[in-house]
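Q: Handing you this structure, nothing more for now.
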Amino acid sequence: MTNREKMIEAFYKVKNLGWVESHRRNNTGIGKTFEDYVGVVENNLNEPDLFGYEIKSHRSESSSYVTLFTKSPSYPTKGANAYLKDHFGSNYPDSKLKKLHTSIFADKFNTYEGKYSFRLLHKSDERRIYIGVYSLGGENLIDSSVYYTYDDIESALKDKLHNLFYVTAQRKYDDKNTESFLFDSAEIYTEPSLDSFLNLLDSGDIMYDIRIGAYGSGKKLGKPHDHGSGFRIKENNLVNLYSNIERI
């Protein structure tokens, strides 16, 4: 049996269970529930989840963003996001520790804490994507020392997303407000393209989410705590990243 056949068989085993109760109370409940049933062990490794497939899932009524991959910037090689946090982040309430939570696009400036504007700077001649920090409104560039290389982006696409198994589920709540899912359909995506990624980035359909803070207690007090900074895309645009799609 091929990995593709194993993955499809695993999906149908879950589908045939009918409605199943969510294993987690938040937006990640659907993915956690499906992965538990097919035997995925939760981890932060930069590799596919099961049988060579990265598994992603969404509610049938959802049009939210999904994470493509989490990856530290190419340069500086260590502490890039911590550098941005320390220089441009905001303080936690009643603390000198800093955090930086913001979503950054290539087609527009954002506004952060009424002080800065961030924007992704795609420089194709350098084969790099810079995280640009500007004065409010984007008038003056303050910092662009942090960047991703094309090679690192392409490597992440191939390592993490070469084969994507995308599961859709209906959801309902009982009288105790307990959420349940019915996994009813799936799609297999293969051959993600760097060119497609860059086009989606330029059009504002892919964003970079930076979510980094600091430990507030314990042995790691004050040390950076990255909550999964990475590139995200709206679910309905995911199809545009891939060359091949198979509906299950």
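In the structure tokens, the first chain shown is A, the next is B, and so on; residue numbers restart at 1 for each chain, and ligands run from 1 in the order shown.
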Which of stretch 1-156 of chain A end up as alpha helix (DSSP H) when DSSP is run on this backbone - answer as a count of residues only?

A: 39

Q: Extract the full set of strand (DSSP E or B) residues from stretch 26-213 of chain A according to DSSP on the backbone, and format it as JSON, numbers by chain.

A: {"A": [50, 53, 54, 55, 56, 57, 58, 59, 65, 66, 67, 68, 69, 70, 75, 90, 91, 98, 99, 100, 101, 102, 103, 104, 112, 116, 117, 118, 119, 120, 121, 122, 123, 128, 129, 130, 131, 132, 133, 134, 135, 141, 142, 143, 147, 148, 149, 163, 164, 165, 166, 167, 168, 169, 170, 171, 172, 173, 179, 180, 181, 182, 183, 184, 185, 186, 187, 188, 189, 190, 191, 192, 206, 207, 208, 209, 210, 211, 212, 213]}

Q: Write out, as a tab-separated table, each residue of stretch 166-213 of chain A that has an atom at most 6 Å from stretch 98-109 of chain A, together with the closest pair of atoms and their distance in Å to one decimal, counting only C-alpha atoms, rows going by chain and rising number.

A:
```
residue	atom	partner	partner_atom	distance
A:Asp202	CA	A:Ala106	CA	5.5
A:Gly204	CA	A:Asp107	CA	5.3
A:Met207	CA	A:Phe105	CA	4.9
A:Tyr208	CA	A:Ile104	CA	5.1
A:Asp209	CA	A:Ser103	CA	4.5
A:Ile210	CA	A:His101	CA	5.5
A:Arg211	CA	A:His101	CA	4.6
A:Ile212	CA	A:Leu100	CA	5.4
A:Gly213	CA	A:Lys99	CA	4.0
```

Q: Mind writing the picked residues with C-alpha atoms as a PDB file, in the first residue's frame?

A:
```
ATOM      1  CA  ASP A 202       3.177  40.115  -3.490  1.00  0.00           C
ATOM      2  CA  GLY A 204      -1.135  40.244  -0.077  1.00  0.00           C
ATOM      3  CA  MET A 207       1.227  37.235   5.354  1.00  0.00           C
ATOM      4  CA  TYR A 208       3.980  36.870   7.923  1.00  0.00           C
ATOM      5  CA  ASP A 209       2.721  36.543  11.477  1.00  0.00           C
ATOM      6  CA  ILE A 210       5.224  37.327  14.186  1.00  0.00           C
ATOM      7  CA  ARG A 211       4.149  36.087  17.613  1.00  0.00           C
ATOM      8  CA  ILE A 212       7.024  36.355  20.052  1.00  0.00           C
ATOM      9  CA  GLY A 213       7.111  37.280  23.709  1.00  0.00           C
TER      10      GLY A 213
END
```

Q: Find the residue from A:Lys71, A:Lys123, A:Lys32, A:Lys219 that sits nearest to A:Lys160; use only C-alpha atoms when measuring.

A: A:Lys71

Q: Out of A:Leu68, A:Ile129, A:Ile8, A:Leu198, which residue has the shortest atom-to-atom distance to A:Glu235 when counting only C-alpha atoms?

A: A:Leu68

Q: With only C-alpha atoms as the basis for distance, which of A:Ile233, A:Phe181, A:Thr111, A:Ser203 is at the shortest distance from A:Asn16?

A: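 Looking only at the distances to A:Asn16, the closest residue turns out to be A:Phe181.
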
Q: For a test of reading the model, state the distance in Å between atom CA of A:Ile245 and atom CA of A:His162, rounded to one decimal.

A: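 Spanning atom CA of A:Ile245 to atom CA of A:His162 is a straight-line distance of 12.0 Å.
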
Q: Pick from A:Leu121, A:Ile131, A:Ile206, A:Leu50: nearest to A:Arg4, with only C-alpha atoms counted?

A: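 Counting only C-alpha atoms, the residue closest to A:Arg4 is A:Leu50.
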
Q: Which one is closest to A:Ala186: A:Arg247, A:Leu161, A:Tyr148, A:Ile55? Count only C-alpha atoms.

A: A:Arg247

Q: Pick the closest to A:Asp226 from A:Ser145, A:Ser90, A:Ala156, A:Lys85: which is it, counting only C-alpha atoms?

A: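 Closest residue, counting only C-alpha atoms: A:Lys85.
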
Q: Quick check, in Å to one decimal: how far apart do atom CA of A:Ser193 and atom CA of A:Asp125 lie?

A: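 Distance reported for this atom pair: 18.4 Å.
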
Q: Find the residues near stretch 73-79 of chain A: any atom within 9 Å, counting only C-alpha atoms, skip ones fewer than 2 places away on the same chain, and give them as a PyMOL selection string.

A: chain A and resi 71+81-84+145-149+152+224
